[in-house]
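Q: As input, take structure.csv (CSV, C-alpha atoms and all ligand atoms):
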chain,number,residue,atom,x,y,z
A,1178,MET,CA,-59.7,-94.9,-41.2
A,1179,THR,CA,-60.4,-95.4,-44.8
A,1180,ALA,CA,-58.1,-97.4,-47.0
A,1181,ASN,CA,-56.8,-94.7,-49.3
A,1182,GLY,CA,-55.0,-96.8,-51.9
A,1183,GLY,CA,-57.4,-96.0,-54.7
A,1184,ALA,CA,-58.3,-92.4,-53.6
A,1185,LEU,CA,-58.7,-89.8,-56.3
A,1186,LEU,CA,-58.0,-87.0,-53.9
A,1187,GLU,CA,-56.1,-87.6,-50.7
A,1188,ILE,CA,-55.7,-84.7,-48.3
A,1189,THR,CA,-53.2,-85.3,-45.4
A,1190,ASP,CA,-52.7,-82.9,-42.5
A,1191,LEU,CA,-54.1,-79.9,-44.2
A,1192,GLY,CA,-53.6,-76.7,-42.2
A,1193,VAL,CA,-54.7,-73.2,-43.2
A,1194,SER,CA,-54.1,-70.0,-41.2
A,1195,PHE,CA,-55.1,-66.4,-42.0
A,1196,THR,CA,-53.2,-63.4,-40.9
A,1197,THR,CA,-55.7,-60.7,-39.8
A,1198,ASP,CA,-55.5,-57.4,-37.9
A,1199,GLU,CA,-56.8,-59.1,-34.8
A,1200,GLY,CA,-54.2,-61.9,-35.0
A,1201,MET,CA,-53.9,-65.3,-36.5
A,1202,VAL,CA,-57.0,-67.3,-37.5
A,1203,ARG,CA,-56.4,-71.0,-37.6
A,1204,ALA,CA,-59.3,-72.0,-40.0
A,1205,VAL,CA,-58.2,-75.5,-40.9
A,1206,ASP,CA,-56.2,-77.5,-38.4
A,1207,GLY,CA,-54.8,-80.9,-39.5
A,1208,VAL,CA,-57.5,-82.2,-41.8
A,1209,SER,CA,-57.0,-85.5,-43.6
A,1210,LEU,CA,-59.6,-87.0,-45.9
A,1211,ALA,CA,-59.9,-89.0,-49.1
A,1212,VAL,CA,-62.4,-88.9,-52.0
A,1213,HIS,CA,-62.7,-92.0,-54.1
A,1214,PRO,CA,-63.3,-92.1,-57.8
A,1215,GLY,CA,-67.0,-91.9,-58.7
A,1216,ARG,CA,-68.1,-91.5,-55.0
A,1217,THR,CA,-69.3,-88.7,-52.8
A,1218,LEU,CA,-67.8,-87.4,-49.6
A,1219,GLY,CA,-70.0,-85.0,-47.7
A,1220,ILE,CA,-68.6,-82.4,-45.3
A,1221,VAL,CA,-71.0,-81.2,-42.7
A,1222,GLY,CA,-70.6,-78.7,-39.8
A,1223,GLU,CA,-71.9,-75.4,-38.5
A,1224,SER,CA,-71.0,-72.1,-39.9
A,1225,GLY,CA,-67.4,-71.1,-39.5
A,1226,SER,CA,-66.1,-74.7,-39.1
A,1227,GLY,CA,-63.7,-74.3,-42.0
A,1228,LYS,CA,-65.5,-76.3,-44.7
A,1229,SER,CA,-65.1,-73.6,-47.4
A,1230,VAL,CA,-61.6,-72.8,-46.5
A,1231,ALA,CA,-60.6,-76.5,-46.6
A,1232,THR,CA,-62.1,-77.0,-50.0
A,1233,LYS,CA,-60.9,-73.8,-51.4
A,1234,ALA,CA,-57.4,-74.9,-50.5
A,1235,VAL,CA,-57.9,-78.0,-52.7
A,1236,ILE,CA,-58.1,-75.7,-55.7
A,1237,ARG,CA,-55.8,-73.1,-54.2
A,1238,LEU,CA,-58.4,-70.3,-54.3
A,1239,LEU,CA,-57.6,-68.9,-51.0
A,1240,PRO,CA,-57.2,-65.1,-50.4
A,1241,ALA,CA,-53.8,-63.5,-50.1
A,1242,ASN,CA,-53.8,-63.5,-46.3
A,1243,ALA,CA,-54.1,-67.3,-46.2
A,1244,ARG,CA,-51.2,-69.6,-45.7
A,1245,ILE,CA,-51.2,-73.4,-46.2
A,1246,ASP,CA,-49.0,-75.2,-43.7
A,1247,GLY,CA,-45.7,-76.5,-45.2
A,1248,GLY,CA,-46.5,-80.1,-44.2
A,1249,SER,CA,-50.0,-80.2,-45.9
A,1250,ARG,CA,-50.5,-82.6,-48.8
A,1251,ILE,CA,-53.3,-82.5,-51.3
A,1252,LEU,CA,-52.6,-85.4,-53.7
A,1253,LEU,CA,-54.7,-85.7,-56.9
A,1254,ARG,CA,-54.3,-89.0,-58.8
A,1255,ARG,CA,-54.8,-88.8,-62.5
A,1256,ALA,CA,-54.0,-91.1,-65.4
A,1257,GLU,CA,-51.0,-88.9,-66.2
A,1258,GLY,CA,-49.7,-89.3,-62.7
A,1259,GLU,CA,-50.0,-87.9,-59.2
A,1260,ILE,CA,-49.6,-84.3,-58.2
A,1261,ASP,CA,-49.5,-82.5,-54.9
A,1262,ILE,CA,-51.7,-79.5,-55.3
A,1263,ALA,CA,-50.3,-77.9,-52.1
A,1264,ARG,CA,-47.0,-77.6,-53.8
A,1265,LEU,CA,-48.0,-76.2,-57.2
A,1266,PRO,CA,-46.7,-72.7,-57.8
A,1267,ALA,CA,-49.4,-70.1,-57.1
A,1268,GLY,CA,-50.9,-68.6,-60.3
A,1269,GLY,CA,-49.1,-71.2,-62.5
A,1270,ARG,CA,-50.3,-73.0,-65.5
A,1271,GLU,CA,-50.7,-76.3,-63.7
A,1272,LEU,CA,-53.2,-74.8,-61.3
A,1273,ARG,CA,-55.2,-73.1,-64.1
A,1274,ARG,CA,-55.4,-76.4,-66.0
A,1275,LEU,CA,-56.6,-78.1,-62.9
A,1276,ARG,CA,-59.3,-75.7,-62.0
A,1277,GLY,CA,-62.3,-76.4,-64.3
A,1278,GLY,CA,-60.3,-79.2,-65.9
A,1279,ASP,CA,-59.7,-82.2,-63.5
A,1280,ILE,CA,-61.6,-80.4,-60.8
A,1281,GLY,CA,-64.9,-78.6,-61.3
A,1282,MET,CA,-66.4,-76.3,-58.8
A,1283,ILE,CA,-69.9,-75.0,-58.0
A,1284,PHE,CA,-70.8,-72.6,-55.2
A,1285,GLN,CA,-73.8,-71.3,-53.4
A,1286,GLU,CA,-73.8,-68.1,-55.4
A,1287,PRO,CA,-73.7,-68.7,-59.2
A,1288,MET,CA,-72.5,-65.2,-59.8
A,1289,ALA,CA,-69.2,-66.4,-58.3
A,1290,SER,CA,-68.8,-68.6,-61.3
A,1291,PHE,CA,-70.1,-66.3,-64.0
A,1292,SER,CA,-68.8,-63.0,-65.1
A,1293,PRO,CA,-71.7,-60.5,-65.5
A,1294,VAL,CA,-70.3,-59.1,-68.7
A,1295,TYR,CA,-70.3,-62.2,-71.0
A,1296,THR,CA,-73.1,-64.4,-72.1
A,1297,ILE,CA,-73.5,-67.8,-70.5
A,1298,GLY,CA,-72.6,-69.4,-73.8
A,1299,ASN,CA,-69.4,-67.4,-74.3
A,1300,GLN,CA,-68.2,-68.4,-70.8
A,1301,MET,CA,-69.0,-72.0,-71.4
A,1302,ILE,CA,-67.3,-72.1,-74.8
A,1303,GLU,CA,-64.2,-70.4,-73.4
A,1304,ALA,CA,-64.1,-73.0,-70.6
A,1305,ILE,CA,-64.5,-75.9,-73.0
A,1306,LEU,CA,-61.8,-74.5,-75.3
A,1307,ALA,CA,-59.4,-73.7,-72.4
A,1308,HIS,CA,-59.7,-77.4,-71.3
A,1309,ARG,CA,-59.5,-78.9,-74.7
A,1310,ASP,CA,-56.6,-81.2,-73.9
A,1311,HIS,CA,-58.3,-82.5,-70.8
A,1312,LEU,CA,-61.5,-83.1,-72.7
A,1313,ASP,CA,-59.6,-84.8,-75.4
A,1314,ARG,CA,-58.2,-87.2,-72.8
A,1315,ARG,CA,-61.6,-87.8,-71.1
A,1316,LEU,CA,-63.8,-88.1,-74.2
A,1317,GLY,CA,-61.3,-88.7,-77.0
A,1318,ARG,CA,-62.7,-85.7,-78.8
A,1319,ARG,CA,-61.1,-82.4,-79.8
A,1320,PHE,CA,-63.4,-79.4,-79.7
A,1321,ASP,CA,-63.3,-76.4,-82.0
A,1322,ARG,CA,-65.5,-73.4,-81.4
A,1323,ARG,CA,-68.5,-74.7,-83.2
A,1324,ALA,CA,-68.4,-78.1,-81.5
A,1325,ALA,CA,-67.8,-76.4,-78.2
A,1326,ARG,CA,-71.0,-74.4,-78.7
A,1327,ASP,CA,-73.0,-77.5,-79.5
A,1328,HIS,CA,-71.5,-79.2,-76.5
A,1329,ALA,CA,-72.5,-76.2,-74.3
A,1330,ILE,CA,-76.1,-76.3,-75.6
A,1331,ARG,CA,-76.3,-80.0,-74.9
A,1332,MET,CA,-75.0,-79.5,-71.4
A,1333,LEU,CA,-77.6,-76.8,-70.8
A,1334,GLU,CA,-80.3,-79.1,-72.1
A,1335,ARG,CA,-78.9,-81.8,-69.9
A,1336,VAL,CA,-79.4,-79.7,-66.7
A,1337,GLY,CA,-83.0,-79.1,-67.7
A,1338,MET,CA,-82.8,-75.7,-69.3
A,1339,SER,CA,-85.6,-75.3,-71.8
A,1340,ASN,CA,-84.8,-73.3,-74.9
A,1341,ALA,CA,-81.1,-73.8,-74.3
A,1342,ARG,CA,-80.4,-72.8,-77.9
A,1343,LEU,CA,-81.8,-69.3,-77.2
A,1344,ARG,CA,-80.8,-69.0,-73.5
A,1345,ILE,CA,-77.1,-69.8,-74.3
A,1346,ASP,CA,-76.8,-66.2,-75.6
A,1347,GLN,CA,-78.3,-64.6,-72.5
A,1348,TYR,CA,-76.3,-62.9,-69.7
A,1349,PRO,CA,-76.3,-64.4,-66.3
A,1350,HIS,CA,-78.5,-61.7,-64.8
A,1351,GLU,CA,-81.2,-62.5,-67.4
A,1352,LEU,CA,-81.8,-66.0,-65.8
A,1353,SER,CA,-83.8,-66.8,-62.7
A,1354,GLY,CA,-81.9,-68.0,-59.6
A,1355,GLY,CA,-82.8,-71.7,-60.3
A,1356,MET,CA,-81.8,-71.4,-63.9
A,1357,ARG,CA,-78.5,-69.7,-63.0
A,1358,GLN,CA,-77.7,-72.5,-60.7
A,1359,ARG,CA,-78.4,-75.0,-63.4
A,1360,ALA,CA,-76.2,-73.0,-65.8
A,1361,MET,CA,-73.4,-73.1,-63.3
A,1362,ILE,CA,-73.7,-76.9,-63.0
A,1363,ALA,CA,-73.7,-77.1,-66.8
A,1364,LEU,CA,-70.6,-74.9,-66.9
A,1365,ALA,CA,-68.8,-76.9,-64.3
A,1366,LEU,CA,-69.7,-80.3,-65.9
A,1367,SER,CA,-69.1,-79.2,-69.5
A,1368,THR,CA,-65.4,-80.0,-69.0
A,1369,HIS,CA,-66.1,-83.4,-67.5
A,1370,PRO,CA,-64.1,-83.0,-64.3
A,1371,SER,CA,-63.1,-86.2,-62.5
A,1372,LEU,CA,-63.8,-84.4,-59.2
A,1373,LEU,CA,-66.6,-81.9,-58.5
A,1374,ILE,CA,-66.3,-79.6,-55.5
A,1375,ALA,CA,-69.8,-78.4,-54.5
A,1376,ASP,CA,-69.9,-75.8,-51.7
A,1377,GLU,CA,-73.5,-75.5,-50.6
A,1378,PRO,CA,-74.8,-75.4,-54.2
A,1379,THR,CA,-78.4,-75.7,-53.3
A,1380,THR,CA,-78.7,-73.8,-50.0
A,1381,ALA,CA,-80.1,-70.6,-51.6
A,1382,LEU,CA,-82.8,-72.4,-53.5
A,1383,ASP,CA,-86.3,-73.4,-52.5
A,1384,VAL,CA,-86.8,-76.9,-51.4
A,1385,THR,CA,-88.4,-78.3,-54.5
A,1386,ILE,CA,-85.8,-76.9,-56.9
A,1387,GLN,CA,-83.1,-78.0,-54.4
A,1388,ALA,CA,-84.4,-81.6,-54.6
A,1389,GLN,CA,-84.4,-81.5,-58.4
A,1390,ILE,CA,-80.9,-80.2,-58.6
A,1391,LEU,CA,-79.6,-82.8,-56.2
A,1392,ASP,CA,-81.2,-85.5,-58.3
A,1393,LEU,CA,-79.8,-84.0,-61.4
A,1394,MET,CA,-76.3,-84.0,-59.8
A,1395,LEU,CA,-76.6,-87.6,-58.8
A,1396,GLU,CA,-77.7,-88.5,-62.3
A,1397,LEU,CA,-74.8,-86.7,-63.9
A,1398,GLN,CA,-72.4,-88.1,-61.5
A,1399,ARG,CA,-73.4,-91.6,-62.5
A,1400,GLU,CA,-73.3,-90.8,-66.1
A,1401,LEU,CA,-69.9,-89.1,-66.1
A,1402,GLY,CA,-68.3,-91.3,-63.4
A,1403,MET,CA,-67.4,-88.2,-61.4
A,1404,ALA,CA,-66.4,-88.0,-57.7
A,1405,MET,CA,-67.9,-85.3,-55.5
A,1406,LEU,CA,-66.8,-83.4,-52.4
A,1407,PHE,CA,-70.1,-82.0,-51.2
A,1408,ILE,CA,-70.3,-79.3,-48.5
A,1409,THR,CA,-73.6,-78.6,-46.7
A,1410,HIS,CA,-75.1,-77.6,-43.3
A,1411,ASP,CA,-78.0,-80.0,-44.0
A,1412,MET,CA,-77.9,-83.6,-42.8
A,1413,GLY,CA,-80.9,-84.3,-45.0
A,1414,VAL,CA,-78.8,-83.4,-48.1
A,1415,ILE,CA,-75.9,-85.5,-46.8
A,1416,ALA,CA,-78.2,-88.5,-46.3
A,1417,ARG,CA,-79.4,-88.1,-49.8
A,1418,ILE,CA,-76.2,-87.5,-51.7
A,1419,ALA,CA,-73.1,-88.7,-49.8
A,1420,GLU,CA,-72.0,-92.3,-49.2
A,1421,GLU,CA,-69.5,-91.0,-46.7
A,1422,VAL,CA,-69.5,-88.1,-44.3
A,1423,ALA,CA,-66.9,-86.1,-42.5
A,1424,VAL,CA,-68.1,-83.9,-39.6
A,1425,MET,CA,-66.1,-80.8,-39.1
A,1426,TYR,CA,-65.8,-78.6,-36.0
A,1427,LEU,CA,-63.5,-75.6,-35.6
A,1428,GLY,CA,-61.2,-76.6,-38.3
A,1429,ARG,CA,-60.9,-80.3,-37.5
A,1430,ILE,CA,-62.7,-83.4,-38.6
A,1431,VAL,CA,-64.2,-84.9,-35.5
A,1432,GLU,CA,-65.9,-87.9,-37.0
A,1433,ARG,CA,-66.1,-89.7,-40.3
A,1434,GLY,CA,-67.5,-92.8,-41.8
A,1435,PRO,CA,-70.3,-94.2,-44.0
A,1436,THR,CA,-73.2,-91.8,-43.9
A,1437,ARG,CA,-75.8,-94.4,-42.9
A,1438,GLU,CA,-73.7,-95.7,-40.0
A,1439,VAL,CA,-72.8,-92.2,-38.7
A,1440,ILE,CA,-76.4,-91.1,-38.8
A,1441,ARG,CA,-77.7,-94.4,-37.2
A,1442,ASP,CA,-75.1,-94.4,-34.5
A,1443,PRO,CA,-73.1,-91.2,-34.1
A,1444,ALA,CA,-70.1,-91.5,-31.9
A,1445,HIS,CA,-68.8,-88.0,-31.3
A,1446,PRO,CA,-70.8,-85.8,-28.8
A,1447,TYR,CA,-70.8,-83.1,-31.4
A,1448,THR,CA,-72.3,-85.4,-34.1
A,1449,ARG,CA,-74.8,-86.6,-31.5
A,1450,GLY,CA,-75.8,-83.1,-30.8
A,1451,LEU,CA,-76.2,-82.3,-34.4
A,1452,LEU,CA,-78.4,-85.3,-35.0
A,1453,ALA,CA,-80.3,-85.3,-31.7
A,1454,ALA,CA,-83.0,-82.9,-32.8
A,1455,LEU,CA,-83.5,-84.5,-36.2
A,1456,PRO,CA,-86.1,-87.3,-35.9
A,1457,ARG,CA,-86.0,-89.7,-38.8
A,1458,VAL,CA,-83.2,-87.8,-40.4
A,1459,GLU,CA,-83.2,-90.1,-43.5
A,1460,THR,CA,-86.3,-88.4,-44.7
A,1461,SER,CA,-86.0,-85.1,-43.0
A,1462,ARG,CA,-84.9,-82.1,-44.9
A,1463,ARG,CA,-84.3,-79.9,-41.9
A,1464,ARG,CA,-81.1,-77.9,-41.3
A,1465,LEU,CA,-78.7,-78.8,-38.5
A,1466,THR,CA,-80.0,-77.7,-35.1
A,1467,PRO,CA,-77.1,-76.0,-33.5
A,1468,VAL,CA,-75.7,-77.6,-30.4
A,1469,PRO,CA,-76.2,-75.4,-27.3
A,1470,GLY,CA,-73.4,-72.8,-26.9
A,1471,ASP,CA,-71.4,-70.9,-29.5
A,1472,ILE,CA,-68.5,-71.9,-31.6
A,1473,PRO,CA,-65.4,-70.3,-30.0
A,1474,SER,CA,-63.7,-67.6,-31.9
A,1475,PRO,CA,-61.0,-69.1,-34.2
A,1476,LEU,CA,-58.8,-66.3,-32.9
A,1477,GLN,CA,-58.9,-68.1,-29.5
A,1478,ARG,CA,-59.0,-71.8,-30.2
A,1479,PRO,CA,-59.6,-73.7,-27.0
A,1480,ALA,CA,-56.7,-75.9,-25.8
A,1481,GLY,CA,-57.3,-79.7,-26.1
A,1482,CYS,CA,-60.4,-80.9,-27.9
A,1483,PRO,CA,-61.9,-77.9,-29.8
A,1484,PHE,CA,-65.4,-79.0,-28.7
A,1485,HIS,CA,-64.7,-79.3,-25.0
A,1486,THR,CA,-66.2,-75.9,-24.2
A,1487,ARG,CA,-69.7,-77.1,-25.4
A,1488,CYS,CA,-69.4,-80.8,-24.8
A,1489,PRO,CA,-71.9,-82.4,-22.4
A,1490,ARG,CA,-69.5,-85.3,-21.7
A,1491,ARG,CA,-66.2,-83.4,-21.3
A,1492,MET,CA,-63.7,-84.8,-18.8
A,1493,PRO,CA,-61.9,-82.0,-17.0
A,1494,GLY,CA,-58.2,-82.3,-16.9
A,1495,LEU,CA,-58.1,-84.3,-20.1
A,1496,CYS,CA,-60.4,-82.8,-22.8
A,1497,ASP,CA,-59.3,-79.2,-22.0
A,1498,ARG,CA,-55.6,-80.2,-22.2
A,1499,GLU,CA,-55.0,-82.8,-24.8
A,1500,VAL,CA,-56.1,-82.9,-28.4
A,1501,PRO,CA,-57.8,-86.2,-29.0
A,1502,ALA,CA,-56.3,-88.4,-31.8
A,1503,ASP,CA,-58.3,-89.9,-34.6
A,1504,THR,CA,-59.3,-93.3,-33.3
A,1505,ALA,CA,-60.5,-96.0,-35.6
A,1506,LEU,CA,-63.9,-97.5,-34.6
A,1507,ASP,CA,-63.8,-100.0,-37.4
A,1508,ALA,CA,-62.2,-100.3,-40.9
A,1509,ARG,CA,-64.2,-97.3,-42.2
A,1510,ARG,CA,-65.2,-95.2,-39.2
A,1511,SER,CA,-63.1,-93.0,-37.0
A,1512,VAL,CA,-63.7,-90.4,-34.3
A,1513,ALA,CA,-61.5,-87.9,-32.5
A,1514,CYS,CA,-62.7,-87.9,-29.0
A,1515,HIS,CA,-61.2,-88.9,-25.6
A,1516,LEU,CA,-64.3,-91.1,-24.9
A,1517,PHE,CA,-62.9,-93.4,-27.5
A,1518,GLY,CA,-59.3,-93.7,-26.4
A,1519,GLY,CA,-56.3,-92.4,-28.3
A,1520,ARG,CA,-54.4,-89.3,-27.5
A,1521,ALA,CA,-52.6,-87.2,-30.1
A,1522,SER,CA,-48.9,-87.1,-30.0
B,1,LIG,N1,-60.2,-64.1,-45.7
B,1,LIG,C1,-60.2,-64.5,-44.4
B,1,LIG,N2,-59.5,-63.9,-43.4
B,1,LIG,C2,-59.6,-64.2,-42.2
B,1,LIG,N3,-60.3,-65.3,-41.7
B,1,LIG,C3,-61.1,-66.0,-42.6
B,1,LIG,C4,-61.1,-65.6,-44.0
B,1,LIG,N4,-61.9,-66.5,-44.7
B,1,LIG,C5,-62.4,-67.3,-43.7
B,1,LIG,N5,-61.9,-67.0,-42.5
B,1,LIG,C6,-62.2,-67.7,-41.2
B,1,LIG,O1,-62.0,-69.1,-41.4
B,1,LIG,C7,-62.9,-69.8,-40.6
B,1,LIG,C8,-63.6,-70.9,-41.4
B,1,LIG,O2,-64.4,-70.2,-42.4
B,1,LIG,P1,-65.2,-71.0,-43.6
B,1,LIG,O3,-65.7,-70.0,-44.5
B,1,LIG,O4,-64.4,-72.1,-44.1
B,1,LIG,O5,-66.4,-71.7,-42.7
B,1,LIG,P2,-67.6,-72.6,-43.3
B,1,LIG,O6,-67.5,-73.9,-42.5
B,1,LIG,O7,-67.5,-72.7,-44.8
B,1,LIG,O8,-68.8,-71.8,-42.8
B,1,LIG,P3,-70.2,-71.5,-43.6
B,1,LIG,O9,-71.0,-72.7,-43.3
B,1,LIG,O10,-70.8,-70.3,-43.0
B,1,LIG,O11,-69.9,-71.3,-45.1
B,1,LIG,C9,-63.9,-68.8,-40.1
B,1,LIG,O12,-63.6,-68.5,-38.7
B,1,LIG,C10,-63.6,-67.6,-40.9
B,1,LIG,O13,-63.8,-66.4,-40.1
B,2,MG,MG,-68.7,-72.0,-46.3
Will you turn the file into structure tokens for me?

A:
Amino acid sequence: MTANGGALLEITDLGVSFTTDEGMVRAVDGVSLAVHPGRTLGIVGESGSGKSVATKAVIRLLPANARIDGGSRILLRRAEGEIDIARLPAGGRELRRLRGGDIGMIFQEPMASFSPVYTIGNQMIEAILAHRDHLDRRLGRRFDRRAARDHAIRMLERVGMSNARLRIDQYPHELSGGMRQRAMIALALSTHPSLLIADEPTTALDVTIQAQILDLMLELQRELGMAMLFITHDMGVIARIAEEVAVMYLGRIVERGPTREVIRDPAHPYTRGLLAALPRVETSRRRLTPVPGDIPSPLQRPAGCPFHTRCPRRMPGLCDREVPADTALDARRSVACHLFGGRAS
């Protein structure tokens, strides 16, 4: 387990369920993780493993049929003090200040961040002005509208947009996909968040632009001293961007640790499966090769270890009955698998 003393974001026992017509969907089931200031935690896992739901919970952007468990904690540590995001009133002022202020967000689809009816510039300026107090604290500068526009232009230039002075007055649909993605990063970073949540921000882009955008994000991260929670299917992206990785399966974190170590010597059979077909993963940019078999429906979560239905090393009578506890492998690595001991209480 990680030592979480200095964590910027510390999630403990996060659970999220959805009420649906077919029944209850348990999308996130007891997730704990920590993101440290200025560092990057990658979350990797197949489609449907709960990556987006877990990170949307962090900014409380879940749909109305979602419920966060009462015991969940989502602590954010700021200079002004610590807050538990899980306990903030829905739709309240605190949450609005947090989103786009302390916590920036970028998604796979830039149109999720931009409204089609306002120019890029207008939306950036409004965001900068809405988070004026936060920017004042971060930069020691108070923006008026004119200064906000200059700042927006600088951010657009910073993300490699040529003619930013002209493009700032364009509408999102007037930009190419790659440029929209850059504009979304500029929008998210223009308020200098201390944590950036990036949910598959480069998946829709071609490989060359993807590499450029990842490099850009790393550069801006260093410059702004920002932490990142980075979600992807792609182990190549994780190897490039994240110091630490958490592997998620069916709503649970099955393994975590420093990226290099997890890739060099994966412990959990699921992580092993994910990595098995990736020769020289450090340089590979291939997507995860799915482990044989399908992820069970979250409407019918298997008893015991969620992975036992696909696990080549399952131990009947144990893995199908008891949920494996998180077991420390060393000071920074842990795995939730009966092969490594511990049983959950
Ligand atoms: N609004 C909703 N109502 C019911 N179930 C939902 C809802 N949103 C998500 N889920 C369920 O929660 C589970 C986790 O979904 P999530 O989107 O977090 O997966 P993911 O790991 O982000 O997958 P992907 O890689 O495809 O983005 C899925 O089983 C999904 O069907
Ligand atoms: Mg997702």

Q: As a CSV table (one decimal) with C-alpha atoms, in the coordinates of the input, please: every protein or nucleic acid residue near ligand LIG 1 (chain B) (cut-off 6 Å, counting all atoms listed in the file).

A:
chain,number,residue,atom,x,y,z
A,1195,PHE,CA,-55.1,-66.4,-42.0
A,1197,THR,CA,-55.7,-60.7,-39.8
A,1202,VAL,CA,-57.0,-67.3,-37.5
A,1204,ALA,CA,-59.3,-72.0,-40.0
A,1223,GLU,CA,-71.9,-75.4,-38.5
A,1224,SER,CA,-71.0,-72.1,-39.9
A,1225,GLY,CA,-67.4,-71.1,-39.5
A,1226,SER,CA,-66.1,-74.7,-39.1
A,1227,GLY,CA,-63.7,-74.3,-42.0
A,1228,LYS,CA,-65.5,-76.3,-44.7
A,1229,SER,CA,-65.1,-73.6,-47.4
A,1230,VAL,CA,-61.6,-72.8,-46.5
A,1240,PRO,CA,-57.2,-65.1,-50.4
A,1475,PRO,CA,-61.0,-69.1,-34.2

Q: Please determine, counting only C-alpha atoms, which residue among A:Glu1286, A:Asp1246, A:Asp1411, A:Asp1313 has the shortest atom-to-atom distance to Pro1349 (chain A).

A: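 The answer is A:Glu1286, which sits nearest to Pro1349 (chain A).
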
Q: What would the list of residues within 12 Å of (-64.3, -72.9, -77.3) (file frame) look like as a compact mmCIF listing (two decimals) with C-alpha atoms, in the frame of the given file, if only C-alpha atoms are what count?

A:
# COMPACT_ATOMS: atom_id res chain seq x y z
CA GLY A 1298 -72.60 -69.40 -73.80
CA ASN A 1299 -69.40 -67.40 -74.30
CA GLN A 1300 -68.20 -68.40 -70.80
CA MET A 1301 -69.00 -72.00 -71.40
CA ILE A 1302 -67.30 -72.10 -74.80
CA GLU A 1303 -64.20 -70.40 -73.40
CA ALA A 1304 -64.10 -73.00 -70.60
CA ILE A 1305 -64.50 -75.90 -73.00
CA LEU A 1306 -61.80 -74.50 -75.30
CA ALA A 1307 -59.40 -73.70 -72.40
CA HIS A 1308 -59.70 -77.40 -71.30
CA ARG A 1309 -59.50 -78.90 -74.70
CA ASP A 1310 -56.60 -81.20 -73.90
CA LEU A 1312 -61.50 -83.10 -72.70
CA ARG A 1319 -61.10 -82.40 -79.80
CA PHE A 1320 -63.40 -79.40 -79.70
CA ASP A 1321 -63.30 -76.40 -82.00
CA ARG A 1322 -65.50 -73.40 -81.40
CA ARG A 1323 -68.50 -74.70 -83.20
CA ALA A 1324 -68.40 -78.10 -81.50
CA ALA A 1325 -67.80 -76.40 -78.20
CA ARG A 1326 -71.00 -74.40 -78.70
CA ASP A 1327 -73.00 -77.50 -79.50
CA HIS A 1328 -71.50 -79.20 -76.50
CA ALA A 1329 -72.50 -76.20 -74.30
CA SER A 1367 -69.10 -79.20 -69.50
CA THR A 1368 -65.40 -80.00 -69.00

Q: Which residues are close to region 1479-1490 of chain A, i.e. within 10 Å by all atoms listed in the file, leaving aside same-chain residues fewer than 4 positions away? Reply as a ChimeraX atom specification.

A: /A:1426-1429,1431,1445-1447,1450,1468-1475,1494-1502,1513-1516,1521

Q: At what distance in Å, to one decimal, does CA of Ile1283 (chain A) lie from CA of Ala1363 (chain A)?

A: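 Separation of CA of Ala1363 (chain A) and CA of Ile1283 (chain A): 9.8 Å.
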
Q: For Leu1372 (chain A), which of A:Glu1432, A:Asp1206, A:Asp1507, A:Glu1187 is the closest residue, counting only C-alpha atoms?

A: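 Closest residue, counting only C-alpha atoms: A:Glu1187.
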
Q: Please provide the set of residues having any atom within 9 Å of Ile1390 (chain A), restricted to all atoms listed in the file, with same-chain residues fewer than 3 positions apart removed, written as a tab-separated table (two decimals) with C-alpha atoms, keeping the file's coordinate frame.

A:
chain	number	residue	atom	x	y	z
A	1336	VAL	CA	-79.40	-79.70	-66.70
A	1355	GLY	CA	-82.80	-71.70	-60.30
A	1358	GLN	CA	-77.70	-72.50	-60.70
A	1359	ARG	CA	-78.40	-75.00	-63.40
A	1378	PRO	CA	-74.80	-75.40	-54.20
A	1379	THR	CA	-78.40	-75.70	-53.30
A	1385	THR	CA	-88.40	-78.30	-54.50
A	1386	ILE	CA	-85.80	-76.90	-56.90
A	1387	GLN	CA	-83.10	-78.00	-54.40
A	1393	LEU	CA	-79.80	-84.00	-61.40
A	1394	MET	CA	-76.30	-84.00	-59.80
A	1395	LEU	CA	-76.60	-87.60	-58.80

Q: Residues within 12 Å of (-42.4, -83.3, -46.0), file coordinates, counting all atoms listed in the file: what are they? Give the list as a VMD selection string.

A: chain A and resid 1189 to 1190 1246 to 1250 1261 1263 to 1264

Q: Could you check the closest approach to Val1193 (chain A) for each of A:Ile1245, A:Ile1374, A:Leu1238, A:Val1221 and tell me which residue wins, using only C-alpha atoms?

A: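 Looking only at the distances to Val1193 (chain A), the closest residue turns out to be A:Ile1245.
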
Q: Any idea what's packed within 6 Å of Glu1421 (chain A), counting only C-alpha atoms, ignoring anything in its chain fewer than 3 positions away? Could you give it as an MDAnalysis selection string?

A: chainID A and resid 1218 1434:1436

Q: So what do you get for CA of His1213 (chain A) versus CA of Met1282 (chain A), distance-wise?

A: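 So the two atoms, CA of His1213 (chain A) and CA of Met1282 (chain A), lie 16.8 Å apart.
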
Q: Restricting the calculation to only C-alpha atoms and all ligand atoms: of A:Leu1343, A:Met1425, A:Val1208, A:Met1412, which residue gets closest to ligand MG 2 (chain B)?

A: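 Residue with the minimum atom-to-atom distance to ligand MG 2 (chain B): A:Met1425.
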
Q: Which one of A:Thr1380, A:Ser1290, A:Thr1296, A:Ser1511 sits closest to ligand MG 2 (chain B) if you count only C-alpha atoms and all ligand atoms?

A: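 So, comparing all the options, the nearest one is A:Thr1380.
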
Q: Please provide as an NGL selection string all residues within 10 Å of Met1288 (chain A), with the sequence filter that same-chain residues fewer than 3 positions apart are discarded (counting only C-alpha atoms).

A: :A and (1284-1285 or 1291-1293 or 1349-1350 or 1354 or 1357-1358 or 1361)
